[in-house]
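J.: Let me begin by handing over the structure; questions about it come next.
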Amino acid sequence: MSRLAALLVRRRILVLLVTLVAVGLAIPFGADVESRLSEGGITAPDSESARAEQMLNDKFKSGSPHLVFVVTAPREVDDPEVTRQGEQLTSRLAAEPGVVQAVSYWSLDRADPLRSTDTRSALIMVRLDGDEDAVRKAAKRIVPTTVGQQGELNVRATGSTQVRVEIESQSEKDLVKAEGLAAPLTLIILLLVFGSVVAATMPLAVGVLAVIGSFVMLRLLDMLVPVSVFSVNITTALGLGLAIDYSLFIVTRYREELAAGRDTASAIAQSLRTAGRTVIFSAFTVALSLSAMLVFPMYHLRSFAYSGIAVVALAALGSILVLPALLALLGHRIDALNVRKLFRRKKEASAKPAATVPAEERHGFWHRLASAVMRRPLPFTLTVAALLIALGIPFLRVEFGDSDDRVLPPDAPSHQAAQMLRDQFDSQEGSPISIVLPGVDPAAKATEIGDYATRLSQLPTITRVDAATGSYVKGQLVAPPGPAAERLTSDAGTVLAVVSDTEPYSERGMDLVGTVRDVAAPAPTLVGGQAAVLVDAKNTLGERLPWALGIIALSTMVLLFLFTGSLLIPLKAIVLNLLSLTATFGAMVWVFQEGHLRWLVGDFTVTGLIDIDTPVLMFCVAFGLSMDYEVFLLSRIKEEYHRTGDNVAAVAWGLQRTGRLVTAAAALVAVILLAFATSGLTPLKLLGVGLALAVIMDATLVRGILVPGFMRLAGRANWWAPAPLRRLHKKIGLSD
C-alpha cells in the first residue's frame with residue numbers, strides 16, 4: 001500500500017487524466033443500459049415450468065400472450081359495427097411484423113371468457129416472436145400505434161411484455177429522481193462531518209464515479225449473462241453508498257495525518273496503509289455476502305450478485321486509486337472553504353493512541369452509552385433482543401408471489417388495463433396454466449386427450465380447458481376444435497390451456513398447479529405458466545437457501561477469525577446481524593404486504609404478497625452492509641484490548657472512537673437508500689426502505705447496545721480460541 005501511495009502521488013496528474021477519459025467514454029456507453037436489461041428472472045432454468053415454456057416458444061409458438069389489449073366500445077361488443085371494427089383491429093395486429101398470433105373475442109366466434117361482464121369490453125391477445133429483446137422491441141413498436149381511440153373503440157394495453165416496458169421507463173425516471181435527492185442530502189451530511197466544502201465533495205466525487213462505473217459494469221455484464229432491470233437502481237444505490245463510505249474513511253484518516261504534522265505524501269501513504277486496508281477488507285466482506293446469491297439458478301438473483309460484486313469492487317478501487325490522486329493534487333487545501341462556524345462542529349478527532357486522547361473524547365456520548373450498558377448488560381441486551389424479535393413477528397405471516405402489473409404506480413396504463421381484467425372479466429385469460437404433452441399425436445390419442453381435458457375442467461376454480469379436441473367446461477365438451485386449436489398442436493406434441501378464475505401469483509394459484517400436476521395424464525406432461533413458475537421458484541429457493549446461508553456463515557466465521565483470532569466474536573457477529581434484520585423482515589410484511597404506513601413510504605398497490613426472492617436479496621445485501629460496520633468497530637476494540645487487556649475499557653473506547661464516523665457512514669447509506677425508496681416501483685421501494693431500516697438498526701440498537709452488552713457478558717471469553725487455532729492465527733491471521 002505504501003508503494004501504491006507513492007506511485008499515485010507521483011503520477012497523480014496521469015491518474016486523473018486517465019479517469020476523466022474513462023468517464024468520457026463510459027457515459028455514452030452506459031447511458032442506455034436500462035433499455036437493454038430484462039424484468040423477469042425468477043424462473044429456475046432446469047425446472048418443469050421452464051422446460052414447458054421453452055417448448056411452447058420453440059415448437060408451438062404458443063403460451064401466455066405477450067400483449068393483452070382491452071377494447072372498450074360505446075355499445076355492446078356484439079353490435080355489428082363494433083364487431084366489424086374489432087375484427088379489423090385483430091386482423092391489423094395479426095399482420096404486424098413479429099406477431100405470431102393475434103386472437104380476439106371476435107375472431108374466436110365470440111368466446112364468452114374474452115367478453116367483460118358488462119358486455120362493453122372485449123380482449124385481443126397477441127403472441128410475439130423471438131427472444132425477450134425482440135419481443136420487447138416489437139411491443140414498443142406496436143403498442144403506441146394501437147392504444148387510444150381506434151374509430152369507435154378505445155384500446156388499452158397490458159400483458160407481461162407491456163408491463164416490462166413500463167417498468168423500464170419508470171425505473172429510468174426513478175433513478176434520475178433518486179440521484180437528484182441523494183446528491184444534495186449527501187453533501188449536507190458530509191459538510192456536517194467535515195466542515196469543509198472541498199473535503200465534503202471528495203467522497204461525493206468518488207460516488208459519482210461509482211454510479212457511472214456501475215452503468216458500464218451492468219452493460220458489460222449484460223453482454224455475458226442476463227441482468228435484471230431492477231439491479232440498476234439497487235446497484236447504483238449500493239455503489240454510491242459504499243463509495244462515499246469508503247472515501248469518508250480515507251479522507252478522515254488523511255486529515256488526521258495532516259493534523260498530526262505529516263506532509264501530503266506520507267499522510268496519503270499512512271491513510272492507505274490503515275484506512276485503505278480497511279476499505280479492501282470491507283469490500284471483500286460485502287462481496288462474499290453478495291456471492292451467496294450465486295448458488296441460486298434464477299438470473300434475477302444472479303444478476304444482483306454479479307452486478308453487486310462488480311460495483312463493490314468499483315467503489316473500493318475508486319477510493320484507493322482515484323481518491324489518493326485527488327488528495328495529492330489538493331494537499332493541505334482539503335480543508336478549503338471551511339464552514340465549521342455555520343454548523344458549530346466539534347473539534348476533529350485526532351489519531352493519537354488512547355492514552356493521549358482528551359478526556360472529553362474518552363467520555364463522549366458513545367463512551368457513556370457503552371459504559372451504561374455494560375453496567376447492566378443483561379437487562380439491556382434482553383430488552384433490545386426482545387424488541388427486535390417482536391418487530392420481526394409479522395414475517396411469520398408472509399405470503400409469497402411474484403411481480404406483476406401492480407408493482408407499477410396505480411396510474412400506470414398497463415396497471416389500469418390489468419385492473420380492468422381483474423374487475424370486469426371472469427377468468428384469467430391472460431395467464432393460463434399450459435400443459436405440454438411432448439410427442440403425443442392428438443389425432444391418434446383424441447379420446448385420451450378428451451378424457452384428460454374433461455377431468456381437468458372438473459377441478460375447482462377451472463373455468464375452461466382448451467385442447468386440440470375442443471373446449472371443455474365443468475366436464476362437458478362445449479365447443480368443437482376451432483381456429484385456436486391449431487396453436488395447440490405441432491410435430492412436437494400437443495398442448496392444453498387451462499384457464500381459471502384464480503390469480504396466478506397467489507397461494508391458491510400455487511395450490512392449483514399442484515392439483516393439476518396430480519391429475520392422471522395419458523402421457524408424461526410439462527406444466528408451465530406463471531403460477532407454475534412461481535411454484536418451481538419457491539421449491540428451488542428452499543433447496544438452495546441452506547447453501548447460501550452456509551456460505552455467508554462460513555465466510556463470516558473465517559474472516560472474523562482471521563481478523564480477531566476469536567471463535568466467539570464471529571458467532572456473536574452472525575447472531576447480532578440476524579437480530580438486526582428481524583425488524584427489516586417484519587416491516588417488509590407489515591408495511592408492504594399488509595399495507596400499513598403507506599402514507600409514510602409512498603403510495604403503492606397492496607397485493608397481500610411479497611416477491612419470493614426479495615427476502616433472499618435483502619438478507620445478502622443487508623448482512624454485507626452490517627458486517628462492514630462490524631469490522632470497523634471490532635478493529636478499534638481489538639486495538640485497545642491488545643494494548644491494555646481491559647475488555648470493558650476496550651469496548652467503550654472502541655465504540656467512542658468509531659461512533660461519529662460510523663454514524664455518519666450509516667446515515668449516508670440510509671439517506672441514499674431512502675432516496676431510492678421514492679421509486680414508483682414497489683420492489684425498489686421495498687428494498688430501499690428495508691435496507692435503510694437494516695442499516696439504521698445496525699448502527700443504533702445493535703452497535704450501541706447489543707454489542708457492548710454481549711461483549712461485557714462474555715468478558716475475556718470474547719478473545720478465546722483453542723490452542724491449535726491460536727497457533728494458526730499467529731501464522732495466517734491479520735495483525736493490523
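Residues are named by chain letter and number: chains run A, B, ... in the order of the C-alpha cells, numbers start at 1 in each chain, and ligands are numbered from 1 in the order shown.
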Quick one: residues within 9 Å of Gly715 in chain A, only C-alpha atoms, excluding same-chain residues fewer than 4 positions away - as number ranges by chain?

T.: A: 647-648, 710-711, 719

J.: Put those residues in a file: N, CA, C and O atoms, as a short mmCIF file (atom, residue, chain, number, x, y, z; two decimals), in the first residue's frame.

T.:
```cif
data_model
loop_
_atom_site.label_atom_id
_atom_site.label_comp_id
_atom_site.auth_asym_id
_atom_site.auth_seq_id
_atom_site.Cartn_x
_atom_site.Cartn_y
_atom_site.Cartn_z
N ASN A 647 -11.12 -5.55 28.88
CA ASN A 647 -12.22 -5.76 27.94
C ASN A 647 -13.25 -4.64 27.99
O ASN A 647 -13.69 -4.12 26.96
N VAL A 648 -13.64 -4.22 29.20
CA VAL A 648 -14.67 -3.18 29.35
C VAL A 648 -14.19 -1.86 28.77
O VAL A 648 -14.90 -1.19 28.00
N PHE A 710 -23.28 -7.72 24.94
CA PHE A 710 -22.81 -9.09 24.70
C PHE A 710 -21.34 -9.22 25.09
O PHE A 710 -20.94 -10.19 25.75
N MET A 711 -20.52 -8.24 24.69
CA MET A 711 -19.08 -8.35 24.96
C MET A 711 -18.78 -8.20 26.45
O MET A 711 -17.80 -8.74 26.95
N TRP A 719 -12.20 -13.28 23.42
CA TRP A 719 -10.96 -13.41 22.65
C TRP A 719 -10.38 -14.82 22.72
O TRP A 719 -9.23 -15.05 22.36
#
```

J.: For Leu14 in chain A, please output as a list in words all residues within 10 Å (counting only C-alpha atoms; exclusion window: fewer than 6 positions along the same chain).

T.: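 Residues meeting the cut-off are Leu8, Leu20 and Ala325 of chain A.
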
J.: List as a ChimeraX atom specification the protein and nucleic acid residues near Ser457 in chain A, meaning an atom at most 6 Å away when only C-alpha atoms are counted, but skip any in the same chain fewer than 2 places from it.

T.: /A:454-455,459,462,464-465,473-475

J.: With all heavy atoms kept, could you save the residues just selected as a tab-separated table (two decimals), in the first residue's frame?

T.:
```
chain	number	residue	atom	x	y	z
A	454	THR	N	-61.38	-33.35	-19.84
A	454	THR	CA	-62.62	-33.41	-19.07
A	454	THR	C	-62.32	-33.43	-17.57
A	454	THR	O	-62.95	-32.71	-16.78
A	454	THR	CB	-63.44	-34.65	-19.46
A	454	THR	OG1	-63.77	-34.58	-20.85
A	454	THR	CG2	-64.72	-34.75	-18.64
A	455	ARG	N	-61.36	-34.26	-17.16
A	455	ARG	CA	-61.01	-34.34	-15.74
A	455	ARG	C	-60.46	-33.00	-15.23
A	455	ARG	O	-60.78	-32.56	-14.13
A	455	ARG	CB	-59.99	-35.46	-15.51
A	455	ARG	CG	-60.55	-36.86	-15.70
A	455	ARG	CD	-59.60	-37.92	-15.15
A	455	ARG	NE	-58.32	-37.93	-15.84
A	455	ARG	CZ	-58.09	-38.63	-16.96
A	455	ARG	NH1	-59.05	-39.34	-17.53
A	455	ARG	NH2	-56.88	-38.62	-17.52
A	459	LEU	N	-61.99	-29.61	-12.08
A	459	LEU	CA	-61.30	-29.14	-10.89
A	459	LEU	C	-61.90	-27.81	-10.43
A	459	LEU	O	-62.34	-26.99	-11.25
A	459	LEU	CB	-59.81	-28.94	-11.18
A	459	LEU	CG	-59.00	-30.20	-11.52
A	459	LEU	CD1	-57.57	-29.82	-11.89
A	459	LEU	CD2	-59.00	-31.18	-10.35
A	462	ILE	N	-61.37	-24.00	-12.07
A	462	ILE	CA	-61.09	-24.08	-13.51
A	462	ILE	C	-62.35	-23.64	-14.27
A	462	ILE	O	-63.42	-24.20	-14.07
A	462	ILE	CB	-60.69	-25.50	-13.94
A	462	ILE	CG1	-59.41	-25.94	-13.20
A	462	ILE	CG2	-60.49	-25.57	-15.45
A	462	ILE	CD1	-58.21	-25.10	-13.50
A	464	ARG	N	-62.27	-23.17	-17.85
A	464	ARG	CA	-62.29	-23.75	-19.19
A	464	ARG	C	-60.96	-24.44	-19.46
A	464	ARG	O	-59.91	-24.01	-18.95
A	464	ARG	CB	-62.51	-22.65	-20.25
A	464	ARG	CG	-62.79	-23.17	-21.65
A	464	ARG	CD	-63.00	-22.05	-22.67
A	464	ARG	NE	-61.76	-21.44	-23.12
A	464	ARG	CZ	-61.31	-20.27	-22.66
A	464	ARG	NH1	-61.99	-19.59	-21.76
A	464	ARG	NH2	-60.16	-19.77	-23.11
A	465	VAL	N	-61.02	-25.49	-20.26
A	465	VAL	CA	-59.81	-26.16	-20.74
A	465	VAL	C	-59.89	-26.23	-22.25
A	465	VAL	O	-60.84	-26.78	-22.82
A	465	VAL	CB	-59.67	-27.58	-20.15
A	465	VAL	CG1	-58.44	-28.28	-20.74
A	465	VAL	CG2	-59.57	-27.54	-18.63
A	473	VAL	N	-65.80	-27.36	-20.35
A	473	VAL	CA	-66.23	-26.59	-19.18
A	473	VAL	C	-66.99	-27.52	-18.25
A	473	VAL	O	-67.97	-28.17	-18.66
A	473	VAL	CB	-67.11	-25.40	-19.58
A	473	VAL	CG1	-67.64	-24.68	-18.33
A	473	VAL	CG2	-66.34	-24.42	-20.46
A	474	LYS	N	-66.53	-27.62	-17.01
A	474	LYS	CA	-67.20	-28.44	-15.98
A	474	LYS	C	-67.52	-29.85	-16.46
A	474	LYS	O	-68.61	-30.37	-16.26
A	474	LYS	CB	-68.48	-27.75	-15.51
A	474	LYS	CG	-68.29	-26.35	-14.95
A	474	LYS	CD	-67.29	-26.32	-13.80
A	474	LYS	CE	-67.07	-24.91	-13.28
A	474	LYS	NZ	-65.99	-24.86	-12.25
A	475	GLY	N	-66.55	-30.46	-17.12
A	475	GLY	CA	-66.71	-31.84	-17.54
A	475	GLY	C	-67.45	-32.05	-18.83
A	475	GLY	O	-67.68	-33.19	-19.24
```

J.: If we count only C-alpha atoms and set the cut-off at 12 Å, which residues sit around Glu543 in chain A, ignoring sequence neighbours fewer than 5 positions away in its own chain? Please answer as an NGL selection string.

T.: :A and (44 or 295-297 or 536-538 or 548-549)

J.: Find the residues around Val322 in chain A up to 8 Å (only C-alpha atoms counted), leave out those fewer than 2 positions away in its own chain, and share them as a ChimeraX atom specification.

T.: /A:15-16,19,206,317-320,324-326

J.: Those same residues - N, CA and C atoms - I'd like them written as a compact mmCIF listing (two decimals), in the first residue's frame.

T.:
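Result file follows (again11.txt):
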```
# COMPACT_ATOMS: atom_id res chain seq x y z
N VAL A 15 -3.09 9.84 -13.50
CA VAL A 15 -4.22 9.06 -12.97
C VAL A 15 -5.53 9.81 -13.18
N LEU A 16 -5.54 11.10 -12.89
CA LEU A 16 -6.77 11.88 -13.02
C LEU A 16 -7.15 12.08 -14.48
N THR A 19 -8.66 8.89 -15.64
CA THR A 19 -10.00 8.79 -15.07
C THR A 19 -11.00 9.62 -15.87
N VAL A 206 -16.14 10.60 -5.76
CA VAL A 206 -15.90 9.17 -5.95
C VAL A 206 -17.23 8.44 -6.10
N LEU A 317 -12.03 0.38 -5.54
CA LEU A 317 -10.94 0.82 -6.42
C LEU A 317 -10.94 2.34 -6.59
N GLY A 318 -12.13 2.92 -6.72
CA GLY A 318 -12.20 4.38 -6.83
C GLY A 318 -11.66 5.06 -5.59
N SER A 319 -11.90 4.44 -4.43
CA SER A 319 -11.46 5.04 -3.17
C SER A 319 -9.95 4.91 -2.95
N ILE A 320 -9.34 3.83 -3.43
CA ILE A 320 -7.91 3.65 -3.16
C ILE A 320 -7.03 4.00 -4.36
N PRO A 324 -6.81 8.99 -3.72
CA PRO A 324 -5.47 9.45 -3.32
C PRO A 324 -4.84 10.43 -4.33
N ALA A 325 -5.11 10.21 -5.62
CA ALA A 325 -4.58 11.15 -6.61
C ALA A 325 -5.21 12.53 -6.44
N LEU A 326 -6.51 12.56 -6.14
CA LEU A 326 -7.18 13.84 -5.87
C LEU A 326 -6.60 14.51 -4.63
```

J.: If you count only C-alpha atoms, which residues fall within 7 Å of Asp628 in chain A, apart from same-chain ones fewer than 3 positions away, as a CSV table (one decimal) with N, CA and C atoms, in the first residue's frame?

T.:
```
chain,number,residue,atom,x,y,z
A,282,SER,N,-13.2,-4.5,3.9
A,282,SER,CA,-14.7,-4.3,3.9
A,282,SER,C,-15.3,-4.7,2.6
A,285,THR,N,-15.5,-8.4,2.3
A,285,THR,CA,-16.6,-8.9,3.2
A,285,THR,C,-18.0,-8.8,2.5
A,286,VAL,N,-18.3,-7.6,2.0
A,286,VAL,CA,-19.6,-7.3,1.4
A,286,VAL,C,-19.7,-8.2,0.1
A,624,GLY,N,-24.2,-8.0,4.4
A,624,GLY,CA,-22.9,-7.5,4.0
A,624,GLY,C,-22.6,-6.1,4.5
A,625,LEU,N,-23.7,-5.2,4.5
A,625,LEU,CA,-23.5,-3.9,5.0
A,625,LEU,C,-23.3,-3.9,6.5
A,631,VAL,N,-16.8,-4.8,11.3
A,631,VAL,CA,-15.4,-4.9,11.1
A,631,VAL,C,-14.7,-3.6,11.6
A,632,PHE,N,-15.3,-2.5,11.2
A,632,PHE,CA,-14.7,-1.2,11.6
A,632,PHE,C,-14.7,-1.0,13.1
```

J.: Please run DSSP on the backbone and report, as a short mmCIF file (atom, residue, chain, number, x, y, z; two decimals) with all heavy atoms, in the first residue's frame, all residues within range 122-332 of chain A that come out as strand (DSSP E or B).

T.:
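Saved as selection-v1.cif:
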```
data_model
loop_
_atom_site.label_atom_id
_atom_site.label_comp_id
_atom_site.auth_asym_id
_atom_site.auth_seq_id
_atom_site.Cartn_x
_atom_site.Cartn_y
_atom_site.Cartn_z
N ALA A 122 -63.96 -6.15 -24.69
CA ALA A 122 -63.50 -7.46 -25.16
C ALA A 122 -61.98 -7.44 -25.24
O ALA A 122 -61.35 -6.38 -25.17
CB ALA A 122 -64.12 -7.79 -26.52
N LEU A 123 -61.40 -8.64 -25.38
CA LEU A 123 -59.95 -8.77 -25.37
C LEU A 123 -59.40 -9.16 -26.73
O LEU A 123 -60.02 -9.94 -27.46
CB LEU A 123 -59.52 -9.82 -24.35
CG LEU A 123 -59.95 -9.62 -22.89
CD1 LEU A 123 -59.39 -10.73 -22.02
CD2 LEU A 123 -59.51 -8.26 -22.38
N ILE A 124 -58.20 -8.61 -27.02
CA ILE A 124 -57.37 -9.09 -28.13
C ILE A 124 -56.05 -9.53 -27.51
O ILE A 124 -55.40 -8.76 -26.81
CB ILE A 124 -57.12 -7.99 -29.18
CG1 ILE A 124 -58.43 -7.47 -29.74
CG2 ILE A 124 -56.24 -8.53 -30.30
CD1 ILE A 124 -58.26 -6.31 -30.72
N MET A 125 -55.64 -10.77 -27.76
CA MET A 125 -54.42 -11.32 -27.18
C MET A 125 -53.40 -11.59 -28.27
O MET A 125 -53.73 -12.22 -29.29
CB MET A 125 -54.73 -12.59 -26.39
CG MET A 125 -55.65 -12.32 -25.20
SD MET A 125 -55.95 -13.77 -24.16
CE MET A 125 -56.91 -14.77 -25.27
N VAL A 126 -52.18 -11.10 -28.05
CA VAL A 126 -51.14 -11.13 -29.08
C VAL A 126 -49.92 -11.88 -28.55
O VAL A 126 -49.43 -11.58 -27.45
CB VAL A 126 -50.74 -9.70 -29.50
CG1 VAL A 126 -49.59 -9.74 -30.50
CG2 VAL A 126 -51.94 -8.97 -30.09
N ARG A 127 -49.45 -12.83 -29.34
CA ARG A 127 -48.21 -13.57 -29.04
C ARG A 127 -47.15 -13.11 -30.02
O ARG A 127 -47.38 -13.09 -31.24
CB ARG A 127 -48.45 -15.07 -29.17
CG ARG A 127 -47.25 -15.94 -28.88
CD ARG A 127 -47.06 -16.19 -27.42
NE ARG A 127 -45.87 -17.00 -27.15
CZ ARG A 127 -45.42 -17.26 -25.95
NH1 ARG A 127 -46.04 -16.79 -24.89
NH2 ARG A 127 -44.33 -18.00 -25.77
N LEU A 128 -45.96 -12.74 -29.50
CA LEU A 128 -44.89 -12.20 -30.35
C LEU A 128 -43.78 -13.23 -30.53
O LEU A 128 -43.62 -14.16 -29.73
CB LEU A 128 -44.33 -10.92 -29.71
CG LEU A 128 -45.35 -9.80 -29.48
CD1 LEU A 128 -44.75 -8.67 -28.66
CD2 LEU A 128 -45.88 -9.26 -30.81
N GLY A 148 -55.37 3.88 -27.39
CA GLY A 148 -56.10 5.12 -27.63
C GLY A 148 -57.37 4.87 -28.42
O GLY A 148 -57.91 3.76 -28.45
N GLN A 149 -57.83 5.88 -29.09
CA GLN A 149 -59.09 5.77 -29.84
C GLN A 149 -58.83 5.21 -31.23
O GLN A 149 -58.05 5.74 -32.00
CB GLN A 149 -59.76 7.15 -29.95
CG GLN A 149 -61.26 7.10 -30.15
CD GLN A 149 -62.00 6.53 -28.94
OE1 GLN A 149 -61.55 6.70 -27.81
NE2 GLN A 149 -63.12 5.87 -29.19
N GLN A 150 -59.49 4.11 -31.54
CA GLN A 150 -59.42 3.48 -32.85
C GLN A 150 -60.86 3.41 -33.39
O GLN A 150 -61.60 2.47 -33.11
CB GLN A 150 -58.83 2.08 -32.76
CG GLN A 150 -57.42 2.01 -32.20
CD GLN A 150 -56.38 2.55 -33.17
OE1 GLN A 150 -56.59 2.56 -34.38
NE2 GLN A 150 -55.27 3.03 -32.65
N LEU A 153 -63.70 2.50 -30.99
CA LEU A 153 -63.14 1.65 -29.95
C LEU A 153 -62.05 2.38 -29.17
O LEU A 153 -61.20 3.06 -29.76
CB LEU A 153 -62.56 0.37 -30.56
CG LEU A 153 -63.48 -0.42 -31.50
CD1 LEU A 153 -62.76 -1.64 -32.03
CD2 LEU A 153 -64.77 -0.82 -30.79
N ASN A 154 -62.07 2.21 -27.85
CA ASN A 154 -61.00 2.71 -27.01
C ASN A 154 -60.14 1.53 -26.58
O ASN A 154 -60.65 0.55 -26.03
CB ASN A 154 -61.56 3.43 -25.78
CG ASN A 154 -60.45 4.02 -24.91
OD1 ASN A 154 -59.99 3.39 -23.97
ND2 ASN A 154 -60.02 5.22 -25.25
N VAL A 155 -58.84 1.62 -26.84
CA VAL A 155 -57.94 0.47 -26.64
C VAL A 155 -56.92 0.77 -25.55
O VAL A 155 -56.27 1.82 -25.57
CB VAL A 155 -57.21 0.10 -27.95
CG1 VAL A 155 -56.36 -1.15 -27.75
CG2 VAL A 155 -58.21 -0.10 -29.09
N ARG A 156 -56.79 -0.16 -24.61
CA ARG A 156 -55.76 -0.09 -23.56
C ARG A 156 -54.89 -1.34 -23.67
O ARG A 156 -55.37 -2.40 -24.06
CB ARG A 156 -56.39 -0.03 -22.16
CG ARG A 156 -57.24 1.21 -21.90
CD ARG A 156 -57.88 1.12 -20.52
NE ARG A 156 -58.63 2.31 -20.16
CZ ARG A 156 -59.90 2.52 -20.48
NH1 ARG A 156 -60.57 1.58 -21.16
NH2 ARG A 156 -60.51 3.61 -20.12
N ALA A 157 -53.62 -1.20 -23.28
CA ALA A 157 -52.68 -2.32 -23.41
C ALA A 157 -52.14 -2.76 -22.06
O ALA A 157 -51.83 -1.93 -21.19
CB ALA A 157 -51.51 -1.93 -24.31
N THR A 158 -52.03 -4.08 -21.88
CA THR A 158 -51.34 -4.65 -20.73
C THR A 158 -50.71 -5.96 -21.20
O THR A 158 -50.45 -6.13 -22.39
CB THR A 158 -52.31 -4.85 -19.54
OG1 THR A 158 -51.54 -5.28 -18.40
CG2 THR A 158 -53.40 -5.84 -19.86
N SER A 196 -15.82 21.30 5.70
CA SER A 196 -15.13 21.91 4.56
C SER A 196 -15.82 21.49 3.28
O SER A 196 -16.09 20.30 3.07
CB SER A 196 -13.66 21.47 4.53
OG SER A 196 -13.10 21.64 3.25
N SER A 228 -31.13 -8.24 -14.55
CA SER A 228 -32.45 -7.69 -14.24
C SER A 228 -32.43 -6.18 -14.27
O SER A 228 -31.48 -5.54 -13.79
CB SER A 228 -32.90 -8.18 -12.86
OG SER A 228 -34.03 -7.47 -12.43
#
```

J.: Taking into account only C-alpha atoms, which residue in the set A:Glu166, A:Glu179, A:Asp491, A:Glu256 is nearest to Gly241 in chain A?

T.: A:Glu179

J.: Quick one: DSSP alpha helix (DSSP H) residues in range 552-636 of chain A, as a PyMOL selection string?

T.: chain A and resi 552-564+568-587+598-601+614-636

J.: Can you write out the residues you just picked, keeping C-alpha atoms, as a PDB file, in the first residue's frame?

T.:
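part-v2.pdb, written as the output of this step:
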```pdb
ATOM      1  CA  ILE A 552     -22.413 -16.394   4.480  1.00  0.00           C
ATOM      2  CA  ALA A 553     -21.897 -18.039   7.879  1.00  0.00           C
ATOM      3  CA  LEU A 554     -18.647 -19.767   6.880  1.00  0.00           C
ATOM      4  CA  SER A 555     -17.134 -16.683   5.222  1.00  0.00           C
ATOM      5  CA  THR A 556     -18.073 -14.574   8.261  1.00  0.00           C
ATOM      6  CA  MET A 557     -16.521 -17.081  10.648  1.00  0.00           C
ATOM      7  CA  VAL A 558     -13.299 -17.350   8.641  1.00  0.00           C
ATOM      8  CA  LEU A 559     -12.853 -13.612   8.019  1.00  0.00           C
ATOM      9  CA  LEU A 560     -13.559 -12.541  11.581  1.00  0.00           C
ATOM     10  CA  PHE A 561     -11.384 -15.321  12.972  1.00  0.00           C
ATOM     11  CA  LEU A 562      -8.503 -14.135  10.778  1.00  0.00           C
ATOM     12  CA  PHE A 563      -9.200 -10.608  11.962  1.00  0.00           C
ATOM     13  CA  THR A 564      -9.634 -11.254  15.723  1.00  0.00           C
ATOM     14  CA  LEU A 568     -16.898 -16.286  19.933  1.00  0.00           C
ATOM     15  CA  ILE A 569     -16.777 -12.914  18.174  1.00  0.00           C
ATOM     16  CA  PRO A 570     -17.644 -14.361  14.727  1.00  0.00           C
ATOM     17  CA  LEU A 571     -20.590 -16.257  16.266  1.00  0.00           C
ATOM     18  CA  LYS A 572     -21.672 -13.074  18.044  1.00  0.00           C
ATOM     19  CA  ALA A 573     -21.495 -11.138  14.776  1.00  0.00           C
ATOM     20  CA  ILE A 574     -23.732 -13.658  12.987  1.00  0.00           C
ATOM     21  CA  VAL A 575     -26.329 -13.711  15.781  1.00  0.00           C
ATOM     22  CA  LEU A 576     -26.440  -9.920  16.165  1.00  0.00           C
ATOM     23  CA  ASN A 577     -26.620  -9.347  12.415  1.00  0.00           C
ATOM     24  CA  LEU A 578     -29.563 -11.753  12.237  1.00  0.00           C
ATOM     25  CA  LEU A 579     -31.262  -9.819  15.036  1.00  0.00           C
ATOM     26  CA  SER A 580     -30.686  -6.513  13.229  1.00  0.00           C
ATOM     27  CA  LEU A 581     -32.536  -7.938  10.214  1.00  0.00           C
ATOM     28  CA  THR A 582     -35.620  -9.040  12.130  1.00  0.00           C
ATOM     29  CA  ALA A 583     -37.132  -5.552  12.135  1.00  0.00           C
ATOM     30  CA  THR A 584     -36.480  -5.283   8.409  1.00  0.00           C
ATOM     31  CA  PHE A 585     -38.229  -8.544   7.625  1.00  0.00           C
ATOM     32  CA  GLY A 586     -41.128  -7.700   9.908  1.00  0.00           C
ATOM     33  CA  ALA A 587     -41.551  -4.296   8.274  1.00  0.00           C
ATOM     34  CA  ARG A 598     -48.424   3.752   3.082  1.00  0.00           C
ATOM     35  CA  TRP A 599     -48.685   7.464   3.790  1.00  0.00           C
ATOM     36  CA  LEU A 600     -45.108   7.375   5.072  1.00  0.00           C
ATOM     37  CA  VAL A 601     -43.343   5.292   2.429  1.00  0.00           C
ATOM     38  CA  THR A 614     -36.878 -10.322  -2.159  1.00  0.00           C
ATOM     39  CA  PRO A 615     -36.056 -11.730   1.320  1.00  0.00           C
ATOM     40  CA  VAL A 616     -33.006 -13.538  -0.105  1.00  0.00           C
ATOM     41  CA  LEU A 617     -31.751 -10.417  -1.882  1.00  0.00           C
ATOM     42  CA  MET A 618     -32.352  -8.198   1.137  1.00  0.00           C
ATOM     43  CA  PHE A 619     -30.673 -10.626   3.520  1.00  0.00           C
ATOM     44  CA  CYS A 620     -27.484 -10.909   1.459  1.00  0.00           C
ATOM     45  CA  VAL A 621     -27.113  -7.157   0.881  1.00  0.00           C
ATOM     46  CA  ALA A 622     -28.059  -6.121   4.429  1.00  0.00           C
ATOM     47  CA  PHE A 623     -25.796  -8.760   6.013  1.00  0.00           C
ATOM     48  CA  GLY A 624     -22.874  -7.474   3.967  1.00  0.00           C
ATOM     49  CA  LEU A 625     -23.527  -3.859   4.990  1.00  0.00           C
ATOM     50  CA  SER A 626     -23.842  -4.868   8.657  1.00  0.00           C
ATOM     51  CA  MET A 627     -20.529  -6.724   8.509  1.00  0.00           C
ATOM     52  CA  ASP A 628     -18.955  -3.600   7.032  1.00  0.00           C
ATOM     53  CA  TYR A 629     -19.595  -1.629  10.239  1.00  0.00           C
ATOM     54  CA  GLU A 630     -18.911  -4.654  12.466  1.00  0.00           C
ATOM     55  CA  VAL A 631     -15.357  -4.928  11.143  1.00  0.00           C
ATOM     56  CA  PHE A 632     -14.670  -1.231  11.593  1.00  0.00           C
ATOM     57  CA  LEU A 633     -15.874  -1.313  15.210  1.00  0.00           C
ATOM     58  CA  LEU A 634     -14.003  -4.521  16.067  1.00  0.00           C
ATOM     59  CA  SER A 635     -10.759  -3.110  14.689  1.00  0.00           C
ATOM     60  CA  ARG A 636     -10.769  -0.325  17.301  1.00  0.00           C
TER      61      ARG A 636
END
```

J.: If you count only C-alpha atoms, which residues fall within 9 Å of Ala417 in chain A, apart from same-chain ones fewer than 4 positions away, as a count of residues only?

T.: 10

J.: So, counting only C-alpha atoms, which residue among A:Ala717, A:Ala664, A:Leu378, A:Leu330 is closest to Thr264 in chain A?

T.: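 Smallest separation from Thr264 in chain A among the options: A:Leu330.
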
J.: From the options A:Pro80, A:Pro442, A:Gly331, A:Gly364, which residue's atoms come nearest to Glu257 in chain A, counting only C-alpha atoms?

T.: A:Gly331

J.: Could I get the residues of range 392-479 of chain A with an atom no further than 7 Å from an atom of range 98-121 of chain A, each paired with its nearest atom pair and that distance in Å to one decimal, using only C-alpha atoms, sorted by chain and residue number, as a Markdown table?

T.:
```
| residue | atom | partner | partner_atom | distance |
| --- | --- | --- | --- | --- |
| A:Gln424 | CA | A:Ser116 | CA | 5.2 |
| A:Phe425 | CA | A:Ser116 | CA | 4.8 |
| A:Asp426 | CA | A:Pro113 | CA | 6.7 |
| A:Ser427 | CA | A:Pro113 | CA | 6.5 |
```
